[in-house]
file start23.txt (compact mmCIF, C-alpha atoms and all ligand atoms)
# COMPACT_ATOMS: atom_id res chain seq x y z
CA MET A 103 112.81 119.78 176.76
CA ARG A 104 112.05 120.39 180.43
CA ALA A 105 112.78 117.67 182.99
CA LEU A 106 112.48 117.42 186.77
CA GLN A 107 115.89 116.20 187.83
CA LEU A 108 117.62 115.09 190.99
CA THR A 109 120.92 116.97 190.69
CA ASP A 110 122.43 116.27 194.12
CA ALA A 111 121.43 114.63 197.40
CA GLY A 112 118.17 116.33 198.39
CA VAL A 113 118.12 118.69 195.38
CA VAL A 114 115.51 118.56 192.61
CA GLU A 115 115.13 121.18 189.91
CA ILE A 116 113.54 121.75 186.54
CA ARG A 117 116.27 121.72 183.91
CA GLU A 118 116.38 122.21 180.16
CA VAL A 119 117.88 119.01 178.67
CA PRO A 120 118.09 117.44 175.18
CA VAL A 121 115.23 115.19 174.00
CA PRO A 122 116.57 111.64 174.55
CA GLU A 123 118.00 109.73 171.59
CA ILE A 124 116.60 106.27 171.06
CA GLY A 125 118.31 103.02 170.12
CA PRO A 126 117.04 100.42 167.62
CA SER A 127 114.86 98.60 170.19
CA ASP A 128 113.54 101.71 171.97
CA LEU A 129 110.57 104.03 171.77
CA LEU A 130 110.48 107.76 172.33
CA VAL A 131 107.36 108.52 174.38
CA ARG A 132 105.77 111.96 174.72
CA VAL A 133 104.80 112.00 178.39
CA GLY A 134 101.10 112.60 179.08
CA ALA A 135 101.36 112.26 182.86
CA ALA A 136 103.84 111.08 185.49
CA GLY A 137 102.84 110.07 189.02
CA ILE A 138 104.83 110.94 192.13
CA CYS A 139 105.52 107.96 194.37
CA HIS A 140 106.76 107.97 197.94
CA SER A 141 109.79 106.09 196.57
CA ASP A 142 110.75 109.36 194.83
CA LEU A 143 110.89 110.91 198.30
CA HIS A 144 113.08 108.07 199.56
CA LEU A 145 115.42 108.90 196.64
CA LEU A 146 115.31 112.60 197.43
CA HIS A 147 116.19 111.92 201.07
CA PHE A 148 119.00 109.52 200.18
CA PRO A 149 122.07 111.01 201.87
CA VAL A 150 124.41 110.69 198.86
CA LYS A 151 124.13 111.41 195.15
CA ILE A 152 122.20 108.64 193.37
CA ARG A 153 123.90 109.10 190.00
CA GLU A 154 126.87 111.17 188.88
CA GLU A 155 124.92 113.01 186.17
CA PRO A 156 121.51 114.55 186.98
CA LEU A 157 118.70 111.95 187.08
CA THR A 158 115.24 112.64 185.65
CA LEU A 159 112.76 111.26 188.20
CA GLY A 160 109.50 109.44 187.45
CA HIS A 161 108.65 105.75 187.27
CA GLU A 162 104.85 106.08 186.83
CA ILE A 163 104.62 107.06 183.19
CA ALA A 164 101.76 107.31 180.69
CA GLY A 165 102.07 108.84 177.25
CA THR A 166 101.99 108.60 173.48
CA ILE A 167 104.57 107.01 171.19
CA GLU A 168 106.41 109.76 169.32
CA ALA A 169 109.10 107.72 167.52
CA VAL A 170 109.88 104.02 167.06
CA GLY A 171 113.36 102.43 166.94
CA SER A 172 114.51 100.85 163.67
CA GLU A 173 114.25 97.25 164.94
CA VAL A 174 110.90 97.54 166.75
CA ASP A 175 107.99 95.52 165.37
CA GLY A 176 104.34 95.97 166.22
CA ARG A 177 104.38 99.50 167.66
CA HIS A 178 103.62 102.75 165.91
CA ALA A 179 103.64 106.49 166.58
CA GLY A 180 100.43 107.78 168.14
CA GLU A 181 99.73 104.72 170.33
CA ARG A 182 98.78 105.52 173.95
CA GLY A 183 100.11 103.46 176.83
CA VAL A 184 101.82 103.10 180.19
CA ILE A 185 105.40 102.03 180.82
CA TYR A 186 106.00 98.75 182.63
CA LEU A 187 108.63 99.72 185.17
CA CYS A 188 110.65 96.49 185.40
CA TRP A 189 113.17 96.80 182.58
CA SER A 190 114.19 93.20 183.08
CA CYS A 191 116.42 90.99 180.92
CA GLY A 192 113.49 88.97 179.56
CA VAL A 193 115.51 85.76 179.22
CA CYS A 194 116.44 84.57 182.73
CA ARG A 195 114.54 81.78 184.46
CA GLU A 196 112.31 84.21 186.43
CA CYS A 197 111.59 86.46 183.45
CA ILE A 198 110.65 83.43 181.33
CA SER A 199 108.26 82.37 184.09
CA GLY A 200 106.64 85.80 183.96
CA ASN A 201 108.25 87.05 187.19
CA GLU A 202 110.05 89.98 185.59
CA ASN A 203 109.90 91.96 188.84
CA VAL A 204 112.45 89.55 190.34
CA CYS A 205 114.66 89.31 187.24
CA LEU A 206 117.77 87.33 188.14
CA ALA A 207 120.03 89.52 186.00
CA ALA A 208 119.45 92.32 188.50
CA GLY A 209 121.18 90.30 191.21
CA ARG A 210 119.87 88.76 194.41
CA THR A 211 118.71 91.89 196.23
CA ALA A 212 118.67 94.63 193.57
CA MET A 213 115.72 95.41 191.33
CA PRO A 214 115.80 95.41 187.55
CA PRO A 215 116.55 98.81 185.97
CA CYS A 216 113.58 101.11 186.52
CA PRO A 217 113.00 104.49 184.82
CA GLY A 218 113.60 107.36 187.22
CA LEU A 219 115.61 105.14 189.58
CA GLY A 220 118.59 104.42 187.32
CA PRO A 221 117.83 105.31 183.71
CA ASP A 222 116.12 108.69 183.21
CA GLY A 223 112.42 108.65 184.07
CA GLY A 224 109.17 110.27 182.97
CA MET A 225 108.97 113.59 184.81
CA ALA A 226 109.87 115.31 181.56
CA GLU A 227 108.34 116.10 178.20
CA TYR A 228 109.81 112.95 176.61
CA VAL A 229 111.29 109.68 177.82
CA ARG A 230 113.25 106.89 176.14
CA VAL A 231 111.90 103.44 176.97
CA PRO A 232 112.59 99.89 175.76
CA ALA A 233 109.79 98.95 173.33
CA ARG A 234 109.00 95.86 175.46
CA SER A 235 107.96 98.09 178.36
CA PHE A 236 105.10 99.77 176.49
CA VAL A 237 101.61 98.51 177.40
CA PRO A 238 98.60 99.98 175.54
CA ILE A 239 95.76 101.60 177.54
CA GLY A 240 93.17 102.37 174.86
CA GLU A 241 91.28 105.53 175.72
CA LEU A 242 92.11 105.59 179.44
CA ASP A 243 92.88 109.09 180.70
CA PHE A 244 96.64 109.70 181.22
CA LEU A 245 96.09 111.12 184.72
CA GLN A 246 94.39 107.85 185.70
CA ALA A 247 96.78 105.65 183.74
CA ALA A 248 100.12 106.91 185.11
CA PRO A 249 99.55 105.73 188.73
CA ILE A 250 98.54 102.32 187.42
CA ALA A 251 102.18 101.82 186.39
CA ASP A 252 103.21 101.46 190.05
CA ALA A 253 100.51 102.29 192.63
CA ALA A 254 98.12 99.77 191.05
CA LEU A 255 100.70 97.30 189.70
CA THR A 256 102.44 96.91 193.06
CA SER A 257 99.19 96.72 195.05
CA TYR A 258 97.67 94.23 192.61
CA HIS A 259 100.74 92.01 192.79
CA ALA A 260 100.81 91.95 196.60
CA ILE A 261 97.07 91.18 196.74
CA ARG A 262 97.21 88.48 194.06
CA GLY A 263 100.02 86.81 196.00
CA ALA A 264 97.68 86.49 199.01
CA ARG A 265 94.67 85.13 197.14
CA GLU A 266 94.68 81.91 199.16
CA GLN A 267 94.07 83.97 202.28
CA LEU A 268 91.45 86.25 200.73
CA GLN A 269 88.52 83.85 200.82
CA PRO A 270 84.94 84.96 201.53
CA GLY A 271 84.68 85.67 205.24
CA SER A 272 88.34 86.65 205.53
CA THR A 273 89.68 89.95 206.82
CA ALA A 274 92.26 92.02 204.93
CA VAL A 275 94.13 94.92 206.53
CA VAL A 276 95.58 97.81 204.52
CA ILE A 277 98.08 99.90 206.49
CA GLY A 278 98.78 103.32 204.92
CA VAL A 279 96.02 104.68 202.69
CA GLY A 280 98.18 106.86 200.44
CA GLY A 281 98.95 106.53 196.73
CA LEU A 282 99.26 102.75 196.89
CA GLY A 283 96.93 102.02 199.80
CA HIS A 284 93.82 103.75 198.45
CA VAL A 285 94.25 101.80 195.22
CA ALA A 286 94.82 98.57 197.18
CA VAL A 287 91.49 99.01 198.97
CA GLN A 288 89.73 99.24 195.60
CA ILE A 289 91.58 96.21 194.20
CA LEU A 290 90.62 94.18 197.27
CA ARG A 291 87.02 95.31 196.83
CA ALA A 292 87.02 94.38 193.14
CA THR A 293 88.84 91.04 193.35
CA SER A 294 87.89 89.53 196.73
CA ALA A 295 85.04 89.16 199.17
CA ALA A 296 87.27 89.93 202.15
CA ARG A 297 86.24 92.40 204.82
CA ILE A 298 88.59 95.37 204.42
CA VAL A 299 90.06 97.19 207.41
CA ALA A 300 92.13 100.30 206.62
CA VAL A 301 94.62 101.86 209.04
CA ASP A 302 96.16 105.32 208.73
CA VAL A 303 97.23 108.22 210.91
CA GLY A 304 94.80 110.93 209.79
CA PRO A 305 91.02 111.41 209.46
CA GLU A 306 91.26 112.46 205.79
CA GLN A 307 93.13 109.30 204.84
CA LEU A 308 90.58 107.22 206.76
CA ASP A 309 87.76 109.05 204.98
CA LEU A 310 89.41 108.29 201.60
CA ALA A 311 89.67 104.62 202.62
CA THR A 312 85.97 104.47 203.36
CA ARG A 313 85.13 106.14 200.05
CA CYS A 314 87.32 103.57 198.28
CA GLY A 315 85.35 100.71 199.83
CA ALA A 316 86.94 99.92 203.19
CA ASP A 317 84.46 98.41 205.66
CA LEU A 318 86.27 99.88 208.64
CA ALA A 319 88.88 102.59 209.08
CA LEU A 320 91.08 102.66 212.17
CA GLU A 321 93.44 105.31 213.44
CA SER A 322 96.98 103.95 213.53
CA GLY A 323 98.52 103.60 216.97
CA PRO A 324 99.96 101.20 219.55
CA ASP A 325 96.47 99.75 220.01
CA SER A 326 95.76 98.97 216.34
CA ALA A 327 96.81 95.32 216.47
CA ARG A 328 94.64 94.74 219.53
CA GLN A 329 91.65 96.31 217.72
CA ILE A 330 92.19 94.05 214.71
CA LEU A 331 92.37 90.99 216.98
CA ASP A 332 89.13 92.08 218.68
CA LEU A 333 87.43 92.47 215.29
CA THR A 334 88.41 88.93 214.35
CA ASP A 335 87.51 87.16 217.61
CA GLY A 336 91.17 86.97 218.51
CA ARG A 337 92.15 85.12 215.33
CA GLY A 338 93.86 87.97 213.50
CA ALA A 339 93.70 89.23 209.92
CA ASP A 340 94.08 86.74 207.08
CA ALA A 341 96.14 89.20 205.06
CA VAL A 342 97.97 92.35 206.12
CA PHE A 343 99.31 94.73 203.46
CA ASP A 344 101.81 97.17 204.91
CA PHE A 345 102.25 100.21 202.67
CA VAL A 346 104.36 102.08 205.23
CA GLY A 347 107.06 99.62 206.32
CA VAL A 348 108.34 101.33 209.46
CA ASP A 349 109.01 99.50 212.72
CA ALA A 350 105.62 100.42 214.17
CA THR A 351 103.63 99.09 211.19
CA ALA A 352 105.79 95.97 210.86
CA ARG A 353 105.16 95.23 214.53
CA MET A 354 101.44 95.90 214.08
CA SER A 355 101.38 93.50 211.11
CA VAL A 356 103.11 90.70 212.99
CA GLU A 357 100.85 91.17 216.00
CA ALA A 358 97.67 91.29 213.89
CA VAL A 359 98.23 88.52 211.31
CA ALA A 360 96.32 85.24 211.69
CA PRO A 361 97.73 81.70 211.70
CA ASN A 362 98.27 80.79 208.03
CA GLY A 363 97.92 84.50 207.30
CA ALA A 364 99.88 86.58 204.80
CA TYR A 365 101.97 89.59 205.76
CA ARG A 366 102.93 91.50 202.61
CA MET A 367 105.55 94.18 203.14
CA VAL A 368 105.43 96.81 200.43
CA GLY A 369 106.39 100.05 202.17
CA LEU A 370 110.08 100.89 202.20
CA GLY A 371 110.12 102.83 205.44
CA GLY A 372 113.17 101.00 206.71
CA GLY A 373 111.58 98.92 209.48
CA VAL A 374 111.18 95.17 209.73
CA PRO A 375 114.54 93.42 210.46
CA GLY A 376 114.12 91.23 213.51
CA VAL A 377 110.42 91.85 213.74
CA THR A 378 109.49 88.19 213.36
CA ALA A 379 111.78 87.16 216.22
CA GLU A 380 109.98 85.89 219.28
CA PRO A 381 111.15 87.75 222.38
CA ALA A 382 110.35 86.03 225.68
CA GLY A 383 106.73 86.87 226.47
CA GLY A 384 106.50 88.86 223.21
CA PRO A 385 103.82 88.68 220.57
CA GLY A 386 105.39 85.93 218.47
CA TRP A 387 104.73 84.86 214.91
CA PRO A 388 101.67 82.64 214.37
CA TRP A 389 102.01 79.15 212.89
CA GLY A 390 101.81 78.99 209.14
CA ALA A 391 101.93 82.74 208.63
CA SER A 392 104.12 83.97 205.79
CA ILE A 393 105.98 87.17 205.17
CA ARG A 394 106.83 88.44 201.70
CA LYS A 395 108.88 91.44 200.67
CA SER A 396 106.89 92.46 197.65
CA TYR A 397 108.38 94.38 194.75
CA GLY A 398 106.43 95.85 191.83
CA GLY A 399 104.49 93.30 189.84
CA THR A 400 104.48 91.26 186.68
CA ARG A 401 103.53 92.45 183.21
CA ARG A 402 100.32 90.43 183.61
CA ASP A 403 99.56 92.28 186.87
CA LEU A 404 99.86 95.54 184.93
CA VAL A 405 97.51 94.35 182.18
CA ASP A 406 94.99 93.20 184.82
CA SER A 407 95.23 96.52 186.66
CA ILE A 408 94.58 98.45 183.45
CA ALA A 409 91.54 96.22 182.84
CA LEU A 410 90.18 97.03 186.31
CA ALA A 411 90.48 100.75 185.57
CA GLN A 412 88.87 100.34 182.15
CA ALA A 413 85.99 98.44 183.77
CA GLY A 414 85.41 101.35 186.17
CA LEU A 415 86.42 99.26 189.21
CA LEU A 416 89.50 101.34 190.00
CA THR A 417 89.61 105.13 190.10
CA VAL A 418 92.72 106.85 191.36
CA ALA A 419 92.16 109.94 193.51
CA VAL A 420 94.43 112.28 191.55
CA GLU A 421 95.81 115.67 192.47
CA ARG A 422 97.15 117.27 189.29
CA PHE A 423 100.25 119.48 189.14
CA ASP A 424 102.14 121.04 186.24
CA LEU A 425 105.65 119.61 185.75
CA ASP A 426 107.04 122.99 186.90
CA GLU A 427 105.29 122.46 190.24
CA GLY A 428 107.11 119.17 190.83
CA ARG A 429 109.10 120.40 193.81
CA THR A 430 105.94 121.70 195.47
CA ALA A 431 104.16 118.41 194.87
CA LEU A 432 107.08 116.45 196.38
CA ASP A 433 107.06 118.74 199.43
CA ARG A 434 103.31 118.26 199.81
CA LEU A 435 103.74 114.47 199.68
CA ASP A 436 106.51 114.75 202.26
CA ALA A 437 104.25 116.81 204.51
CA GLY A 438 101.51 114.18 204.20
CA THR A 439 98.98 116.53 202.60
CA ILE A 440 98.41 114.69 199.30
CA ARG A 441 95.22 112.60 199.29
CA GLY A 442 95.60 109.76 196.82
CA ARG A 443 98.23 110.35 194.13
CA ALA A 444 99.97 113.53 192.97
CA VAL A 445 100.41 113.43 189.19
CA LEU A 446 102.57 115.79 187.08
CA VAL A 447 101.60 116.92 183.60
CA PRO A 448 104.44 118.25 181.42
P1 LIG A 501 102.15 107.79 200.37
O1 LIG A 501 102.97 108.81 201.06
O2 LIG A 501 101.24 108.21 199.27
O3 LIG A 501 101.25 107.00 201.44
C1 LIG A 501 101.73 106.57 202.68
C2 LIG A 501 100.53 106.54 203.65
O4 LIG A 501 100.94 105.94 204.87
C3 LIG A 501 100.00 107.93 204.00
O5 LIG A 501 98.59 107.98 203.84
C4 LIG A 501 100.40 108.10 205.46
O6 LIG A 501 99.48 108.90 206.20
C5 LIG A 501 100.37 106.66 205.94
N1 LIG A 501 101.15 106.41 207.15
C6 LIG A 501 102.35 106.95 207.52
N2 LIG A 501 102.73 106.45 208.71
C7 LIG A 501 101.77 105.58 209.10
C8 LIG A 501 101.60 104.74 210.24
N3 LIG A 501 102.50 104.71 211.23
N4 LIG A 501 100.48 103.98 210.31
C9 LIG A 501 99.57 103.99 209.32
N5 LIG A 501 99.68 104.76 208.22
C10 LIG A 501 100.76 105.55 208.11
O7 LIG A 501 103.17 106.67 199.84
P2 LIG A 501 102.99 105.64 198.62
O8 LIG A 501 103.45 106.29 197.37
O9 LIG A 501 101.67 105.00 198.70
O10 LIG A 501 104.14 104.57 199.00
C11 LIG A 501 104.01 103.81 200.18
C12 LIG A 501 105.31 103.05 200.46
O11 LIG A 501 105.46 102.00 199.48
C13 LIG A 501 106.59 103.89 200.35
O12 LIG A 501 107.52 103.45 201.32
C14 LIG A 501 107.09 103.56 198.96
O13 LIG A 501 108.47 103.78 198.81
C15 LIG A 501 106.75 102.10 198.89
N6 LIG A 501 106.66 101.51 197.54
C16 LIG A 501 107.10 100.24 197.42
C17 LIG A 501 106.98 99.60 196.21
C18 LIG A 501 107.44 98.19 196.08
O14 LIG A 501 107.47 97.67 194.97
N7 LIG A 501 107.76 97.49 197.17
C19 LIG A 501 106.42 100.26 195.12
C20 LIG A 501 105.96 101.57 195.29
C21 LIG A 501 106.06 102.18 196.53
ZN ZN A 502 106.93 103.78 193.12

call {"tool": "encode", "arguments": {"input": "start23.txt", "output": "structure tokens", "more": "lines below"}}
Ligand code: NAD
Ligand code: ZN
result
Amino acid sequence: MRALQLTDAGVVEIREVPVPEIGPSDLLVRVGAAGICHSDLHLLHFPVKIREEPLTLGHEIAGTIEAVGSEVDGRHAGERGVIYLCWSCGVCRECISGNENVCLAAGRTAMPPCPGLGPDGGMAEYVRVPARSFVPIGELDFLQAAPIADAALTSYHAIRGAREQLQPGSTAVVIGVGGLGHVAVQILRATSAARIVAVDVGPEQLDLATRCGADLALESGPDSARQILDLTDGRGADAVFDFVGVDATARMSVEAVAPNGAYRMVGLGGGVPGVTAEPAGGPGWPWGASIRKSYGGTRRDLVDSIALAQAGLLTVAVERFDLDEGRTALDRLDAGTIRGRAVLVP
């Protein structure tokens, strides 16, 4: 089969590889679509080899069950679904509580095994997955379903974690209206009565934000926090979702969040350390505000996100590419010219 693989630091190529073999508790899934996340770019730009043998990328996977392992109950060939990306242990204290995204078996700061980031992923014709990771999607289109596995899951989780702040009359800020952010705007629209302010660097992203339901779209810059404070009579935003995570957006978030507000850091741009410190005369961190480093989501968050899409409340802006065009799609994402989500079809 064909697979888009990371073969060395900075090198991705389409390679001919064997169809994966499955174990007794696995499924073989024929990939219908695989989304490209900015995290794939972070991997690509990682200065050293991620894995000794080539790694098939892709953690946003939708497809059809092709074969079922000998010990798997309750799944059959032909079922359509998405792959829950936290391949957690399922038995630790956090997993038992439903928090599989912070599985303790992964260690204190690592994440549970995730397809395309450790085990081989879904940018291929077939993928091996643990049967527990398969979540049915009914008739949902694969191009729509694949980005739900991360772009929607992760956004939904961050937003659900700030529900106390998202009361009627509140203000929510979404920084970075890309693959995750444009979905986050729709989830906020569908699940809260908050006023939604979107922030991005370009007019096309701001236009997408407005089409997704943002009440206001602001160009990102040194003045953004001040604008958000002005919009909220100096109080600040009740929730700030940072889908970029560089120093500039972390600073903006800290400067714009309200007392008792929620700052949810999702972007992995490498910023943040020290940002909540209070330099003399600096912006400071308001009383009661909380910061959370948000990773992925729970299985329940995935099921809820699928339900939003099935109800027509969430539509991913998809740009479709053939698997063979994977490198081009990654370069386009890197250049900032993808609107919404790039999705590969094998
Ligand atoms: P993307 O490239 O599709 O979108 C990023 C958006 O941010 C773009 O629209 C870009 O124009 C905008 N942007 C860049 N710099 C900005 C700035 N200074 N101010 C405002 N906007 C700016 O990326 P994505 O796939 O949506 O991923 C976003 C981030 O989230 C990445 O860092 C990714 O690795 C991370 N991520 C984290 C998790 C998690 O579980 N924590 C999950 C998935 C993705
Ligand atoms: Zn991702």

call {"tool": "residues_near_ligand", "arguments": {"input": "start23.txt", "ligand": "ligand LIG 501 (chain A)", "cutoff": "8 Å", "atoms": "only C-alpha atoms and all ligand atoms", "output": "MDAnalysis selection string"}}
result
chainID A and resid 138:144 252:253 256 277:284 301:304 307 321:323 345:348 350:351 367:371 395:399 435:436 438 440:443

call {"tool": "closest_residue", "arguments": {"input": "start23.txt", "among": "A:Ser392, A:Thr417, A:Thr334, A:Ser257", "to": "ligand ZN 502 (chain A)", "atoms": "only C-alpha atoms and all ligand atoms"}}
result
A:Ser257

call {"tool": "atom_distance", "arguments": {"input": "start23.txt", "atom1": "atom CA of Ala292 of chain A", "atom2": "atom CA of Leu415 of chain A"}}
result
6.3 Å

call {"tool": "closest_residue", "arguments": {"input": "start23.txt", "among": "A:Val359, A:Ala364, A:Ala444, A:Ala409", "to": "Gly263 of chain A", "atoms": "all atoms listed in the file"}}
result
A:Ala364

call {"tool": "residues_around", "arguments": {"input": "start23.txt", "residues": "Ile239 of chain A", "least_positions_apart": "2", "cutoff": "9 Å", "atoms": "all atoms listed in the file", "output": "PDB file with C-alpha atoms, in the coordinates of the input"}}
result
ATOM      1  CA  ALA A 164     101.760 107.310 180.690  1.00  0.00           C
ATOM      2  CA  GLU A 181      99.730 104.720 170.330  1.00  0.00           C
ATOM      3  CA  ARG A 182      98.780 105.520 173.950  1.00  0.00           C
ATOM      4  CA  GLY A 183     100.110 103.460 176.830  1.00  0.00           C
ATOM      5  CA  VAL A 184     101.820 103.100 180.190  1.00  0.00           C
ATOM      6  CA  VAL A 237     101.610  98.510 177.400  1.00  0.00           C
ATOM      7  CA  GLU A 241      91.280 105.530 175.720  1.00  0.00           C
ATOM      8  CA  LEU A 242      92.110 105.590 179.440  1.00  0.00           C
ATOM      9  CA  ASP A 243      92.880 109.090 180.700  1.00  0.00           C
ATOM     10  CA  PHE A 244      96.640 109.700 181.220  1.00  0.00           C
ATOM     11  CA  ALA A 247      96.780 105.650 183.740  1.00  0.00           C
ATOM     12  CA  VAL A 405      97.510  94.350 182.180  1.00  0.00           C
ATOM     13  CA  ILE A 408      94.580  98.450 183.450  1.00  0.00           C
ATOM     14  CA  ALA A 409      91.540  96.220 182.840  1.00  0.00           C
ATOM     15  CA  GLN A 412      88.870 100.340 182.150  1.00  0.00           C
TER      16      GLN A 412
END

call {"tool": "closest_residue", "arguments": {"input": "start23.txt", "among": "A:Ala316, A:Val229, A:Ala311, A:Cys205", "to": "Thr400 of chain A", "atoms": "all atoms listed in the file"}}
result
A:Cys205

call {"tool": "closest_residue", "arguments": {"input": "start23.txt", "among": "A:Ala260, A:Val276, A:Leu290, A:Met213", "to": "Ile393 of chain A", "atoms": "only C-alpha atoms"}}
result
A:Ala260

call {"tool": "closest_residue", "arguments": {"input": "start23.txt", "among": "A:Pro249, A:Ile167, A:Ile152, A:Pro238", "to": "ligand ZN 502 (chain A)", "atoms": "only C-alpha atoms and all ligand atoms"}}
result
A:Pro249

call {"tool": "residues_around", "arguments": {"input": "start23.txt", "residues": "Gly209 of chain A", "least_positions_apart": "3", "cutoff": "12 Å", "atoms": "only C-alpha atoms", "output": "list in words"}}
result
Ser190, Cys191, Cys194, Glu196, Asn203, Val204, Cys205, Leu206, Ala212, Met213, Pro214 and Pro215 of chain A

call {"tool": "atom_distance", "arguments": {"input": "start23.txt", "atom1": "atom CA of Arg328 of chain A", "atom2": "atom CA of Arg353 of chain A"}}
result
11.7 Å

call {"tool": "closest_residue", "arguments": {"input": "start23.txt", "among": "A:Trp389, A:Phe148, A:Tyr186, A:Tyr228", "to": "ligand ZN 502 (chain A)", "atoms": "all atoms listed in the file"}}
result
A:Tyr186

call {"tool": "atom_distance", "arguments": {"input": "start23.txt", "atom1": "atom CA of Cys188 of chain A", "atom2": "atom CA of Ala300 of chain A"}}
result
28.4 Å

call {"tool": "residues_around", "arguments": {"input": "start23.txt", "residues": "Pro270 of chain A", "least_positions_apart": "4", "cutoff": "8 Å", "atoms": "only C-alpha atoms", "output": "MDAnalysis selection string"}}
result
chainID A and resid 294:296

call {"tool": "residues_around", "arguments": {"input": "start23.txt", "residues": "Met103 of chain A", "least_positions_apart": "5", "cutoff": "8 Å", "atoms": "only C-alpha atoms", "output": "list in words"}}
result
Glu118, Val119, Pro120, Val121, Ala226, Glu227 and Tyr228 of chain A

call {"tool": "write_last_selection", "arguments": {"input": "start23.txt", "atoms": "C-alpha atoms", "output": "compact mmCIF listing (two decimals), in the coordinates of the input"}}
result
# COMPACT_ATOMS: atom_id res chain seq x y z
CA GLU A 118 116.38 122.21 180.16
CA VAL A 119 117.88 119.01 178.67
CA PRO A 120 118.09 117.44 175.18
CA VAL A 121 115.23 115.19 174.00
CA ALA A 226 109.87 115.31 181.56
CA GLU A 227 108.34 116.10 178.20
CA TYR A 228 109.81 112.95 176.61

call {"tool": "residues_around", "arguments": {"input": "start23.txt", "residues": "segment 419-428 of chain A", "least_positions_apart": "5", "cutoff": "7 Å", "atoms": "only C-alpha atoms", "output": "number ranges by chain"}}
result
A: 106, 116, 225, 442-448
